[in-house]
Every structure is written in C-alpha cells, then in structure tokens.
file data14.csv (CSV, C-alpha atoms and all ligand atoms)
chain,number,residue,atom,x,y,z
D,16,MET,CA,87.8,126.4,99.6
D,17,LYS,CA,90.4,125.0,97.2
D,18,ILE,CA,93.2,122.5,97.8
D,19,HIS,CA,96.1,122.6,95.3
D,20,PHE,CA,98.3,119.5,95.3
D,21,LEU,CA,101.5,121.2,94.2
D,22,GLY,CA,104.2,118.6,95.0
D,23,GLY,CA,104.9,115.3,96.6
D,24,VAL,CA,102.0,113.7,94.7
D,25,ARG,CA,102.3,110.1,93.4
D,26,GLU,CA,105.9,110.3,94.5
D,27,VAL,CA,108.1,111.0,97.5
D,28,GLY,CA,109.8,114.4,97.4
D,29,GLY,CA,109.1,118.1,97.0
D,30,SER,CA,106.0,118.1,99.2
D,31,CYS,CA,103.8,121.2,99.1
D,32,ILE,CA,100.0,121.6,99.3
D,33,ALA,CA,98.2,124.9,99.2
D,34,VAL,CA,94.9,125.5,101.0
D,35,GLU,CA,93.1,128.6,99.6
D,36,THR,CA,90.0,130.2,101.0
D,37,ASN,CA,88.2,133.5,100.5
D,38,TYR,CA,90.4,134.9,103.3
D,39,GLY,CA,93.8,133.7,102.5
D,40,LYS,CA,96.2,131.0,101.4
D,41,VAL,CA,98.3,128.6,103.5
D,42,ALA,CA,101.0,126.2,102.4
D,43,LEU,CA,101.4,122.8,104.0
D,44,ASP,CA,105.2,122.0,103.6
D,45,TYR,CA,107.6,123.6,101.2
D,46,GLY,CA,109.9,120.8,100.2
D,47,THR,CA,112.5,120.0,97.5
D,48,LYS,CA,113.3,116.9,95.5
D,49,ILE,CA,116.5,115.4,96.8
D,50,GLY,CA,119.1,114.8,94.2
D,51,GLU,CA,117.4,117.1,91.7
D,52,LYS,CA,118.4,120.6,90.6
D,53,PHE,CA,117.1,123.3,92.9
D,54,THR,CA,114.3,125.1,91.1
D,55,ASN,CA,111.6,127.4,92.1
D,56,GLN,CA,108.4,125.4,91.6
D,57,PHE,CA,105.9,126.7,94.1
D,58,PRO,CA,104.1,130.0,94.5
D,59,ARG,CA,105.4,132.4,97.2
D,60,ASP,CA,102.3,134.4,98.1
D,61,PHE,CA,101.3,132.5,101.2
D,62,ASP,CA,99.9,134.0,104.4
D,63,ALA,CA,101.7,131.3,106.3
D,64,VAL,CA,103.8,128.2,105.5
D,65,ILE,CA,103.4,125.3,107.9
D,66,ILE,CA,106.4,122.9,108.0
D,67,SER,CA,105.5,119.4,109.2
D,68,HIS,CA,109.1,118.4,110.0
D,69,ALA,CA,112.8,119.0,109.1
D,70,HIS,CA,113.3,116.5,106.3
D,71,LEU,CA,114.3,118.5,103.2
D,72,ASP,CA,111.6,116.9,101.1
D,73,HIS,CA,109.2,118.9,103.3
D,74,SER,CA,111.3,122.0,104.0
D,75,GLY,CA,114.1,122.3,101.5
D,76,SER,CA,112.5,125.0,99.3
D,77,LEU,CA,112.2,127.5,102.2
D,78,LEU,CA,115.3,129.4,100.9
D,79,GLU,CA,112.9,130.6,98.2
D,80,LEU,CA,110.9,132.5,100.8
D,81,SER,CA,114.0,133.8,102.7
D,82,ARG,CA,113.7,137.4,101.3
D,83,LYS,CA,109.9,137.6,101.5
D,84,LYS,CA,109.5,137.7,105.2
D,85,SER,CA,106.8,135.0,105.0
D,86,VAL,CA,105.4,133.6,108.2
D,87,ILE,CA,106.8,130.1,108.7
D,88,VAL,CA,105.2,127.9,111.4
D,89,GLY,CA,106.5,124.7,113.0
D,90,SER,CA,108.1,123.3,116.1
D,91,ARG,CA,111.3,124.5,117.6
D,92,ILE,CA,113.3,121.4,116.6
D,93,THR,CA,112.0,121.6,113.1
D,94,ARG,CA,113.1,125.2,112.9
D,95,ASP,CA,116.6,124.6,114.3
D,96,VAL,CA,117.3,121.4,112.3
D,97,THR,CA,115.8,122.8,109.1
D,98,THR,CA,118.1,125.8,109.4
D,99,GLU,CA,121.1,123.5,109.8
D,100,LEU,CA,120.1,121.4,106.8
D,101,LEU,CA,119.6,124.5,104.7
D,102,ARG,CA,123.1,125.7,105.6
D,103,ASP,CA,124.4,122.3,104.8
D,104,MET,CA,122.6,122.3,101.4
D,105,ILE,CA,124.3,125.7,100.6
D,106,LYS,CA,127.7,124.3,101.7
D,107,ILE,CA,127.4,121.3,99.4
D,108,GLN,CA,126.3,123.4,96.4
D,109,ARG,CA,129.3,125.6,97.0
D,110,MET,CA,131.7,122.7,97.4
D,111,ASN,CA,130.5,121.2,94.1
D,112,GLY,CA,131.0,124.5,92.4
D,113,ASN,CA,127.4,124.9,91.4
D,114,TYR,CA,125.7,128.2,90.9
D,115,PHE,CA,123.3,128.6,93.9
D,116,PRO,CA,121.4,131.8,94.4
D,117,TYR,CA,121.3,131.6,98.2
D,118,ASN,CA,123.8,132.1,101.1
D,119,TYR,CA,124.0,131.5,104.8
D,120,HIS,CA,122.3,134.8,105.5
D,121,ASP,CA,119.2,133.5,103.7
D,122,ALA,CA,119.2,130.4,105.9
D,123,ASP,CA,119.3,132.7,108.9
D,124,ASN,CA,116.4,134.7,107.5
D,125,VAL,CA,114.3,131.5,107.4
D,126,LYS,CA,115.1,131.0,111.1
D,127,LYS,CA,114.1,134.6,111.9
D,128,SER,CA,110.8,134.2,110.0
D,129,TRP,CA,109.8,131.2,112.1
D,130,TRP,CA,106.9,131.2,114.5
D,131,ILE,CA,107.2,128.4,117.0
D,132,ARG,CA,103.5,127.6,117.7
D,133,ASP,CA,101.2,124.7,118.3
D,134,SER,CA,98.3,126.8,117.1
D,135,ILE,CA,97.8,130.0,115.1
D,136,ALA,CA,94.8,132.0,114.0
D,137,LEU,CA,94.7,133.7,110.7
D,138,PRO,CA,91.7,135.6,109.3
D,139,GLY,CA,89.0,133.0,108.9
D,140,MET,CA,91.3,130.1,109.7
D,141,LEU,CA,92.4,128.3,112.8
D,142,ILE,CA,95.5,126.1,112.5
D,143,ARG,CA,96.5,123.5,115.1
D,144,LEU,CA,99.6,121.2,115.2
D,145,TYR,CA,99.7,117.7,116.7
D,146,PRO,CA,102.7,115.5,117.4
D,147,ALA,CA,103.2,113.1,114.5
D,148,GLY,CA,105.9,110.7,115.6
D,149,HIS,CA,108.2,110.1,112.6
D,150,VAL,CA,111.2,112.3,113.7
D,151,ALA,CA,111.8,114.7,116.5
D,152,GLY,CA,109.5,117.8,116.3
D,153,ALA,CA,107.3,116.3,113.5
D,154,LYS,CA,103.7,117.6,113.5
D,155,MET,CA,100.4,117.0,111.8
D,156,THR,CA,98.4,120.1,110.9
D,157,SER,CA,94.7,120.7,111.1
D,158,ILE,CA,93.1,123.7,109.4
D,159,ARG,CA,89.6,124.8,110.4
D,160,THR,CA,88.0,127.1,107.9
D,161,GLU,CA,84.6,127.8,106.4
D,162,GLY,CA,83.0,125.4,108.9
D,163,LYS,CA,85.2,122.5,107.7
D,164,GLU,CA,88.3,120.8,109.1
D,165,ILE,CA,91.2,119.4,107.1
D,166,LEU,CA,93.9,117.3,108.6
D,167,TYR,CA,97.3,116.9,106.9
D,168,THR,CA,99.4,114.1,108.4
D,169,GLY,CA,102.8,115.0,106.9
D,170,ASP,CA,105.0,112.0,107.6
D,171,PHE,CA,103.9,110.1,110.7
D,172,CYS,CA,103.9,106.9,112.7
D,173,LEU,CA,101.7,105.6,115.4
D,174,HIS,CA,104.1,103.2,117.2
D,175,ASP,CA,106.6,104.4,119.8
D,176,THR,CA,110.3,104.1,118.9
D,177,GLU,CA,113.3,104.0,121.3
D,178,ILE,CA,113.4,107.8,121.6
D,179,LEU,CA,110.1,109.1,120.3
D,180,GLU,CA,106.4,108.5,121.1
D,181,GLY,CA,104.1,107.7,118.2
D,182,SER,CA,101.3,110.0,117.2
D,183,LYS,CA,98.3,109.6,119.6
D,184,LEU,CA,95.1,108.8,117.7
D,185,GLU,CA,92.9,109.9,120.6
D,186,ASN,CA,94.2,113.4,120.4
D,187,LEU,CA,93.6,113.9,116.7
D,188,PRO,CA,90.4,115.6,115.3
D,189,LYS,CA,87.7,113.1,114.4
D,190,GLU,CA,85.6,113.1,111.3
D,191,PRO,CA,87.4,115.8,109.4
D,192,GLU,CA,86.0,116.8,106.0
D,193,ALA,CA,89.3,115.9,104.4
D,194,LEU,CA,92.3,113.9,105.5
D,195,ILE,CA,95.5,114.4,103.4
D,196,VAL,CA,97.6,111.4,104.3
D,197,GLU,CA,101.1,110.1,103.4
D,198,SER,CA,101.1,106.7,101.6
D,199,THR,CA,104.9,105.9,101.5
D,200,TYR,CA,104.2,102.4,102.8
D,201,GLY,CA,100.6,102.2,101.8
D,202,GLY,CA,101.1,98.7,100.4
D,203,THR,CA,103.6,97.4,102.9
D,204,ILE,CA,103.2,95.6,106.2
D,205,ARG,CA,106.4,95.6,108.2
D,206,LEU,CA,107.8,93.4,111.0
D,207,ARG,CA,107.2,94.8,114.5
D,208,ARG,CA,109.8,97.3,115.6
D,209,SER,CA,111.1,95.1,118.5
D,210,GLU,CA,111.8,92.3,116.0
D,211,LEU,CA,113.8,94.6,113.8
D,212,VAL,CA,115.8,95.9,116.7
D,213,ASP,CA,116.5,92.3,117.8
D,214,GLN,CA,117.8,91.6,114.2
D,215,LEU,CA,120.0,94.7,114.4
D,216,LEU,CA,121.5,93.8,117.8
D,217,LYS,CA,122.1,90.2,116.7
D,218,ARG,CA,124.0,91.3,113.6
D,219,ILE,CA,126.1,93.7,115.7
D,220,LEU,CA,126.8,90.9,118.3
D,221,CYS,CA,127.9,88.4,115.6
D,222,THR,CA,130.3,90.9,114.2
D,223,ILE,CA,131.7,91.8,117.7
D,224,GLU,CA,132.2,88.1,118.3
D,225,ARG,CA,134.5,87.8,115.3
D,226,LYS,CA,136.1,91.2,116.2
D,227,GLY,CA,134.9,92.8,113.0
D,228,ASN,CA,134.0,96.4,112.3
D,229,VAL,CA,130.3,97.5,111.9
D,230,LEU,CA,129.5,100.4,109.5
D,231,ILE,CA,126.1,102.0,110.0
D,232,PRO,CA,125.5,104.8,107.5
D,233,SER,CA,122.8,107.1,109.0
D,234,PHE,CA,121.2,110.4,108.3
D,235,ALA,CA,122.5,113.3,110.5
D,236,PHE,CA,119.0,114.2,111.8
D,237,HIS,CA,117.3,111.7,114.1
D,238,ARG,CA,118.4,108.4,112.6
D,239,SER,CA,122.0,109.0,113.8
D,240,GLN,CA,120.9,109.9,117.3
D,241,GLU,CA,118.3,107.1,117.5
D,242,MET,CA,120.9,104.5,116.5
D,243,ALA,CA,123.6,105.8,118.9
D,244,LYS,CA,121.1,105.9,121.8
D,245,ARG,CA,119.9,102.4,121.0
D,246,ILE,CA,123.4,100.9,120.9
D,247,ASP,CA,124.4,103.0,124.0
D,248,GLN,CA,121.4,101.6,125.9
D,249,ALA,CA,122.1,98.0,124.8
D,250,MET,CA,125.6,98.3,126.2
D,251,GLU,CA,124.4,99.9,129.4
D,252,ASP,CA,121.9,97.0,129.8
D,253,GLY,CA,124.5,94.3,129.0
D,254,VAL,CA,122.7,93.2,125.8
D,255,LEU,CA,125.9,94.1,123.9
D,256,PRO,CA,129.4,93.9,125.3
D,257,LYS,CA,131.5,97.0,125.6
D,258,TYR,CA,133.1,97.9,122.2
D,259,ASN,CA,134.4,101.0,120.5
D,260,VAL,CA,131.4,102.9,119.2
D,261,TYR,CA,131.7,106.2,117.4
D,262,THR,CA,129.6,108.7,115.6
D,263,ILE,CA,131.3,110.8,112.9
D,264,SER,CA,129.4,113.8,111.4
D,265,LYS,CA,129.8,117.4,112.3
D,266,LEU,CA,126.2,118.0,111.3
D,267,ALA,CA,124.8,115.1,113.4
D,268,HIS,CA,126.8,116.3,116.4
D,269,LYS,CA,125.3,119.8,116.1
D,270,ILE,CA,121.8,118.3,115.8
D,271,THR,CA,122.6,116.1,118.9
D,272,GLY,CA,123.1,119.3,120.8
D,273,TYR,CA,119.6,120.5,119.9
D,274,PHE,CA,118.2,117.1,121.0
D,275,ASN,CA,119.9,117.5,124.4
D,276,SER,CA,118.5,121.0,124.9
D,277,HIS,CA,114.9,120.1,123.9
D,278,LYS,CA,114.2,116.8,125.8
D,279,GLN,CA,110.5,117.6,125.9
D,280,PHE,CA,110.1,116.3,122.3
D,281,PHE,CA,111.1,112.8,123.3
D,282,THR,CA,109.8,109.8,125.4
D,283,LYS,CA,109.3,110.1,129.2
D,284,ASN,CA,112.3,107.9,129.8
D,285,ILE,CA,114.5,110.1,127.7
D,286,GLN,CA,113.2,113.2,129.5
D,287,LYS,CA,114.2,111.7,132.9
D,288,GLU,CA,117.9,111.8,131.9
D,289,ASN,CA,120.0,114.9,132.3
D,290,GLU,CA,121.6,115.1,128.9
D,291,PRO,CA,120.1,112.0,127.2
D,292,PHE,CA,122.1,112.3,124.1
D,293,ASN,CA,125.5,112.5,125.8
D,294,TYR,CA,126.0,108.8,125.4
D,295,ARG,CA,127.9,106.7,127.9
D,296,HIS,CA,129.5,104.2,125.5
D,297,VAL,CA,129.5,106.2,122.2
D,298,ARG,CA,132.1,108.8,121.4
D,299,GLN,CA,131.9,111.6,118.9
D,300,LEU,CA,134.8,111.7,116.5
D,301,ARG,CA,135.7,114.4,114.0
D,302,ARG,CA,137.7,112.2,111.7
D,303,THR,CA,137.9,108.6,110.6
D,304,LYS,CA,141.7,108.6,111.5
D,305,GLN,CA,140.7,108.7,115.2
D,306,ILE,CA,138.9,105.3,115.0
D,307,LYS,CA,140.4,102.6,117.1
D,308,GLU,CA,139.5,99.3,115.4
D,309,PRO,CA,137.6,97.1,115.8
D,310,ALA,CA,134.7,99.5,116.1
D,311,ILE,CA,131.0,100.3,115.4
D,312,VAL,CA,130.7,103.5,113.4
D,313,ILE,CA,127.6,105.5,112.9
D,314,CYS,CA,128.3,108.1,110.2
D,315,THR,CA,127.0,110.2,107.3
D,316,SER,CA,126.0,110.2,104.5
D,317,GLY,CA,123.0,108.0,105.1
D,318,PHE,CA,123.1,106.8,101.5
D,319,GLY,CA,126.8,105.9,101.7
D,320,HIS,CA,127.6,108.1,98.7
D,321,ALA,CA,129.9,110.6,100.4
D,322,GLY,CA,131.8,111.4,103.6
D,323,ALA,CA,132.9,108.9,106.3
D,324,SER,CA,130.3,106.4,105.1
D,325,LEU,CA,131.8,106.1,101.6
D,326,TYR,CA,135.4,106.1,103.0
D,327,LEU,CA,134.7,103.3,105.5
D,328,LEU,CA,132.7,101.3,103.0
D,329,ASN,CA,135.7,101.3,100.7
D,330,GLU,CA,138.1,100.5,103.6
D,331,TRP,CA,136.0,97.7,105.2
D,332,ALA,CA,134.0,96.0,102.4
D,333,ALA,CA,136.6,93.5,101.4
D,334,ASP,CA,136.9,91.9,104.9
D,335,GLU,CA,134.3,89.1,105.6
D,336,ASN,CA,134.6,89.8,109.3
D,337,ASN,CA,133.0,93.2,108.9
D,338,SER,CA,129.4,94.2,108.4
D,339,VAL,CA,127.5,97.0,106.9
D,340,ILE,CA,124.0,97.8,108.2
D,341,ILE,CA,121.7,99.9,106.1
D,342,ASN,CA,118.8,101.4,108.0
D,343,SER,CA,117.3,103.6,105.3
D,344,GLY,CA,114.4,102.1,103.5
D,345,TYR,CA,115.1,104.0,100.3
D,346,LEU,CA,118.4,104.0,98.5
D,347,PRO,CA,119.0,105.9,95.2
D,348,PRO,CA,119.7,103.4,92.3
D,349,ASP,CA,123.3,104.5,91.9
D,350,SER,CA,124.1,104.4,95.7
D,351,PRO,CA,127.3,102.5,96.5
D,352,LEU,CA,125.4,100.8,99.4
D,353,LYS,CA,122.7,99.5,97.0
D,354,VAL,CA,125.3,98.2,94.6
D,355,ALA,CA,127.3,96.6,97.4
D,356,MET,CA,124.1,94.9,98.8
D,357,GLU,CA,122.6,93.8,95.5
D,358,LYS,CA,125.6,93.0,93.3
D,359,GLY,CA,128.2,92.3,96.0
D,360,GLU,CA,130.7,94.7,94.5
D,361,LEU,CA,132.1,98.2,94.8
D,362,ILE,CA,133.5,100.4,92.1
D,363,GLU,CA,136.8,102.0,93.2
D,364,ASN,CA,138.6,104.2,90.7
D,365,GLY,CA,136.8,102.5,87.9
D,366,ILE,CA,137.8,99.0,89.2
D,367,LYS,CA,135.3,96.5,90.5
D,368,VAL,CA,136.1,95.3,94.0
D,369,PRO,CA,134.2,92.3,95.5
D,370,VAL,CA,132.3,93.0,98.8
D,371,ARG,CA,133.0,90.2,101.3
D,372,ALA,CA,131.6,92.0,104.4
D,373,GLU,CA,128.0,91.2,105.2
D,374,VAL,CA,125.7,93.9,103.9
D,375,GLU,CA,122.2,93.9,105.4
D,376,GLN,CA,119.3,96.3,105.2
D,377,ILE,CA,117.3,96.5,108.5
D,378,GLU,CA,114.8,99.2,108.0
D,379,LEU,CA,113.9,101.0,111.2
D,380,SER,CA,111.5,103.4,109.6
D,381,GLY,CA,109.6,106.3,111.2
D,382,HIS,CA,106.7,106.0,108.8
D,383,ALA,CA,103.3,104.3,109.3
D,384,ASP,CA,102.9,101.0,107.4
D,385,GLN,CA,99.6,99.9,105.9
D,386,VAL,CA,98.3,98.6,109.2
D,387,GLU,CA,98.8,101.9,110.9
D,388,LEU,CA,97.5,103.9,107.9
D,389,VAL,CA,94.3,101.9,108.0
D,390,GLN,CA,94.1,102.3,111.7
D,391,LEU,CA,94.3,106.1,111.3
D,392,VAL,CA,91.5,106.2,108.7
D,393,GLU,CA,89.3,103.8,110.7
D,394,THR,CA,89.7,105.9,113.9
D,395,LEU,CA,89.3,109.4,112.3
D,396,ARG,CA,86.6,108.5,109.8
D,397,PRO,CA,87.2,111.3,107.3
D,398,LYS,CA,84.6,112.1,104.7
D,399,SER,CA,87.3,112.3,102.0
D,400,THR,CA,90.8,111.0,102.0
D,401,PHE,CA,93.6,112.2,99.7
D,402,LEU,CA,96.6,110.0,99.3
D,403,ILE,CA,99.9,111.7,98.7
D,404,HIS,CA,103.7,111.2,99.4
D,405,GLY,CA,103.9,107.7,98.0
D,406,GLU,CA,104.5,105.9,94.7
D,407,LEU,CA,101.2,105.2,92.8
D,408,GLU,CA,101.3,101.4,93.6
D,409,GLN,CA,101.6,102.1,97.3
D,410,ALA,CA,98.7,104.7,97.2
D,411,GLN,CA,96.5,102.3,95.2
D,412,ALA,CA,97.2,99.4,97.6
D,413,LEU,CA,96.1,101.6,100.5
D,414,SER,CA,93.1,102.9,98.6
D,415,LYS,CA,91.8,99.4,98.3
D,416,GLU,CA,92.0,98.9,102.0
D,417,ILE,CA,90.2,102.1,103.0
D,418,SER,CA,87.7,102.7,100.2
D,419,GLY,CA,84.9,101.1,102.4
D,420,ILE,CA,85.4,103.7,105.1
D,421,THR,CA,86.0,107.0,103.2
D,422,GLU,CA,85.9,108.5,99.7
D,423,VAL,CA,89.5,108.0,98.4
D,424,HIS,CA,91.2,110.2,95.9
D,425,ILE,CA,94.8,109.9,94.6
D,426,PRO,CA,95.4,113.4,93.2
D,427,GLU,CA,97.3,114.0,90.0
D,428,PRO,CA,100.4,116.3,90.2
D,429,ARG,CA,99.2,120.0,90.3
D,430,GLU,CA,95.5,118.9,90.6
D,431,THR,CA,93.2,121.4,92.3
D,432,ILE,CA,90.0,120.2,94.1
D,433,SER,CA,87.2,122.4,95.4
D,434,MET,CA,85.3,121.7,98.6
D,501,ZN,ZN,110.1,112.6,106.7

call {"tool": "encode", "arguments": {"input": "data14.csv", "output": "structure tokens", "more": "lines below"}}
Ligand SMILES: [Zn+2]
result
Amino acid sequence: MKIHFLGGVREVGGSCIAVETNYGKVALDYGTKIGEKFTNQFPRDFDAVIISHAHLDHSGSLLELSRKKSVIVGSRITRDVTTELLRDMIKIQRMNGNYFPYNYHDADNVKKSWWIRDSIALPGMLIRLYPAGHVAGAKMTSIRTEGKEILYTGDFCLHDTEILEGSKLENLPKEPEALIVESTYGGTIRLRRSELVDQLLKRILCTIERKGNVLIPSFAFHRSQEMAKRIDQAMEDGVLPKYNVYTISKLAHKITGYFNSHKQFFTKNIQKENEPFNYRHVRQLRRTKQIKEPAIVICTSGFGHAGASLYLLNEWAADENNSVIINSGYLPPDSPLKVAMEKGELIENGIKVPVRAEVEQIELSGHADQVELVQLVETLRPKSTFLIHGELEQAQALSKEISGITEVHIPEPRETISM
C-alpha cells in the first residue's frame, strides 16, 4: 500500500491524500487553497473520494471531478453545504470577472455524485466514517485494507461546543497502523472553551451597557449559526439583556435551513428543540439598511474583507462605543480586520482612518489544541503517525510531545510512503 501526501502538507489549505493499494485508489479530501488561483493539482482517477467536511480547503477542488461521475462519500450536511459553497465560489469568480471553467450545473453534478454513507466497501477496502467534532457533519475516516488500518482525522476536536459534540475517543479504532492527523494547533495550548465564551459575553455586555454596536464577522457555515445560537441562548437565560441581534448573509441563512432540517448532527439539547436554529432573539436580515441601532450583527465575510462585514467595519470603527469581535483564528495578512486590530487603522478610499472601536480576537476554534492532539495519540496508540494540515513549527512542536508514543513523520509536499 502507498500513501501519497498530495496537498495540505506543512501548511493549511488544499488538503488531499491518496491511499493506493493493489485493488484501487481512494482520496481523502479534495481541497483547494483559499485565496489562490483555482488550478487542477490532483489526479482524478480515484475509485472514491472521501470528504471529511465542508470547508473548502478540504472540498473546494471537487468541481474538477464534476464531469467524471466519481464516487464522492461524506455526510449529508457535508454534501449540502459543500454544494452551496461551490456555488458561491462560482458566483464570486463570475462577479470578479475571472475566467472560471465551471458553472452551477457542475456544482449540482457534485451533489448528484455524492454517496451519503457512514461505511462503504470497495474491492479489498473497507471504509468507515466517525464523527469528528470541528463543524457540523465532519467525519474522520478509517480505511482497512491489506490487513492494516489507517485513520485520517481531517479537522477534529474532542471537546463539546455549544451546538456540537466533540469526537468520542472510545469509538475510534485503536492501534491503527497509521494515524494521519491534523496539526493546525500542534504547538498551541488554548484556554478552556467556557472561559473564552465568558470573555465573549463580557465584551458584548460592556458594549451593550454603553449602547454601542457589536460587529461579529463570521463564516457562513457553522461559525455564524454557532455564534447566533450562543447569543440567543444567553438572552433566553438572562445572561445578556434583550438587544437588537441580527445575522446578515444569504449563504448563512440557507445553511441555517440545512441545520434545522438535520438536527441529528448536533448535541442532545439541540435535538430536543423543534427548529433549534430559528432563534428567539436573533433576526435574519437581508440588508444592512434594515439594522436598527444599537445592535449586535453577525455577518459575512468571516475575514471582514467583503460584504456586510466590510461595510459595517467602515461604518462603526471610528466610534469608541462600538466593538468588533473576531472569532477566526487565522486572518490573511491583508485582511482589514487584521490591520484594524494590529495597527488601529482602516484604509478607506486610500485614506487612513483611525479605529476607535474595541477590536478583540476571541478564538472559538473547532480544532483540537496540543492537549487534545496528544490525548488522541495516547489513546489510539498508532504504530506510525503522520502530521499534516499545520505549519511546520506547529507540526514539529507536536512531534516532540508524541515521539515517545509513536513513530512520527512530517511528510514533505508530494511525498509518497510505502507500508
Ligand atoms: Zn475545517
């Protein structure tokens, strides 16, 4: 058996790993690099392509397979959301006037090629999917072939969040021959989630007390719904006073619909509610014009470089009563949010404008940190562990922590290993 590390190696973005046996070849993820030109970088001759979750760095190259009738495997939410994100990708390329060789029909073809399965048998190969935490519908993948088992984590987390259960270690296969594991936060130990949520609610409360506006740029998939549900619940519980709260994002609203119709992916508490993502204190708006200030607004883009996020950042940044809460861990270097946070300024029409609003990053991540990564390796006891999906320093820091338990390897881009 051979494992080809095709993408998402020593970096985050464009994840793709091929597992090749005498019987066939399977891809684990088929992602794209966000912010880079769309290019065909991966082979297309797979017997099946398993998609761990709907983030485009794991699924964004699927349009390349749209005319091949490849078998794509993953959860229902991953299918539905991936299709929406691919459509959105096509829309953005068209709006920007870029040449793009795919259309909405291709996105629909991806949906049609999808097999919603938790296990699938191919000649000489048994594939099983396990809940991974991270975002709704995310799965880890185990492949049993040639008497060996490989476990690929995709992106995962072990702790429960407000709407999603973490991956359950007791359910995962023990002592696999190889563990292929993300290392995004391999060198980072984070505060506990409850402390971060306290920080967030405190920041919102302080702004409410001075009747300011709160801008929360969030990704349309999962982060937006998680944030809205968290604030909605805090108002229901009396932790926050009633205030105008809005979400603005057509894409997020569409995805919220999928969340309501697939409650089974979420925590038991969420499942008890009839339509858990029809919030009691949060309204969905189509346009920023409809906002009644003061307000809390959860909107796209998550990086603040476009859409309602950018518009409101420009509108609200000069007022010291307002605050901006960034919940993404990563921000591109040229992101207006990053410049506002680090330099205290915004560039509007080529002119520097000082930022007086409070800008704070409170990272409510869906990734395992070093503690959870080590816990995973200690529990599963893999013979070999391959660290991917992380900057080299993060992977190296994790490697030091686990090298007493397992043989660790940080593959080079495009490296192939034989087992
Ligand atoms: Zn992800």

call {"tool": "closest_atom_pairs", "arguments": {"input": "data14.csv", "of": "chain D", "to": "ligand ZN 501 (chain D)", "cutoff": "12 Å", "atoms": "all atoms listed in the file", "output": "Markdown table"}}
result
| residue | atom | partner | partner_atom | distance |
| --- | --- | --- | --- | --- |
| D:Gly23 | CA | D:ZN501 | ZN | 11.7 |
| D:Val27 | CA | D:ZN501 | ZN | 9.5 |
| D:Gly28 | CA | D:ZN501 | ZN | 9.5 |
| D:Gly29 | CA | D:ZN501 | ZN | 11.2 |
| D:Ser30 | CA | D:ZN501 | ZN | 10.2 |
| D:Asp44 | CA | D:ZN501 | ZN | 11.0 |
| D:Gly46 | CA | D:ZN501 | ZN | 10.5 |
| D:Ile66 | CA | D:ZN501 | ZN | 11.0 |
| D:Ser67 | CA | D:ZN501 | ZN | 8.6 |
| D:His68 | CA | D:ZN501 | ZN | 6.7 |
| D:Ala69 | CA | D:ZN501 | ZN | 7.3 |
| D:His70 | CA | D:ZN501 | ZN | 5.1 |
| D:Leu71 | CA | D:ZN501 | ZN | 8.0 |
| D:Asp72 | CA | D:ZN501 | ZN | 7.2 |
| D:His73 | CA | D:ZN501 | ZN | 7.2 |
| D:Ser74 | CA | D:ZN501 | ZN | 9.9 |
| D:Gly75 | CA | D:ZN501 | ZN | 11.7 |
| D:Thr93 | CA | D:ZN501 | ZN | 11.2 |
| D:Thr97 | CA | D:ZN501 | ZN | 11.9 |
| D:Ala147 | CA | D:ZN501 | ZN | 10.4 |
| D:Gly148 | CA | D:ZN501 | ZN | 10.0 |
| D:His149 | CA | D:ZN501 | ZN | 6.7 |
| D:Val150 | CA | D:ZN501 | ZN | 7.1 |
| D:Ala151 | CA | D:ZN501 | ZN | 10.2 |
| D:Gly152 | CA | D:ZN501 | ZN | 10.9 |
| D:Ala153 | CA | D:ZN501 | ZN | 8.2 |
| D:Lys154 | CA | D:ZN501 | ZN | 10.6 |
| D:Met155 | CA | D:ZN501 | ZN | 11.8 |
| D:Thr168 | CA | D:ZN501 | ZN | 10.9 |
| D:Gly169 | CA | D:ZN501 | ZN | 7.7 |
| D:Asp170 | CA | D:ZN501 | ZN | 5.2 |
| D:Phe171 | CA | D:ZN501 | ZN | 7.8 |
| D:Cys172 | CA | D:ZN501 | ZN | 10.3 |
| D:Glu197 | CA | D:ZN501 | ZN | 9.9 |
| D:Ser198 | CA | D:ZN501 | ZN | 11.9 |
| D:Thr199 | CA | D:ZN501 | ZN | 9.9 |
| D:Phe234 | CA | D:ZN501 | ZN | 11.4 |
| D:Phe236 | CA | D:ZN501 | ZN | 10.4 |
| D:His237 | CA | D:ZN501 | ZN | 10.4 |
| D:Arg238 | CA | D:ZN501 | ZN | 11.0 |
| D:Ser343 | CA | D:ZN501 | ZN | 11.6 |
| D:Gly344 | CA | D:ZN501 | ZN | 11.8 |
| D:Tyr345 | CA | D:ZN501 | ZN | 11.8 |
| D:Ser380 | CA | D:ZN501 | ZN | 9.7 |
| D:Gly381 | CA | D:ZN501 | ZN | 7.8 |
| D:His382 | CA | D:ZN501 | ZN | 7.7 |
| D:Ala383 | CA | D:ZN501 | ZN | 11.0 |
| D:His404 | CA | D:ZN501 | ZN | 9.8 |
| D:Gly405 | CA | D:ZN501 | ZN | 11.8 |

call {"tool": "atom_distance", "arguments": {"input": "data14.csv", "atom1": "atom CA of Val386 of chain D", "atom2": "atom CA of Leu215 of chain D"}}
result
22.7 Å

call {"tool": "closest_residue", "arguments": {"input": "data14.csv", "among": "D:Leu21, D:Met16, D:Val88, D:Ala235", "to": "Ile270 of chain D", "atoms": "all atoms listed in the file"}}
result
D:Ala235

call {"tool": "atom_distance", "arguments": {"input": "data14.csv", "atom1": "atom CA of Ile223 of chain D", "atom2": "atom CA of Met250 of chain D"}}
result
12.3 Å

call {"tool": "atom_distance", "arguments": {"input": "data14.csv", "atom1": "atom CA of Leu77 of chain D", "atom2": "atom CA of Ala122 of chain D"}}
result
8.4 Å

call {"tool": "residues_around", "arguments": {"input": "data14.csv", "residues": "segment 173-189 of chain D", "least_positions_apart": "6", "cutoff": "8 Å", "atoms": "only C-alpha atoms", "output": "ChimeraX atom specification"}}
result
/D:145-151,157,166,208,241,244-245,280-282,285,383,387,391,394-397
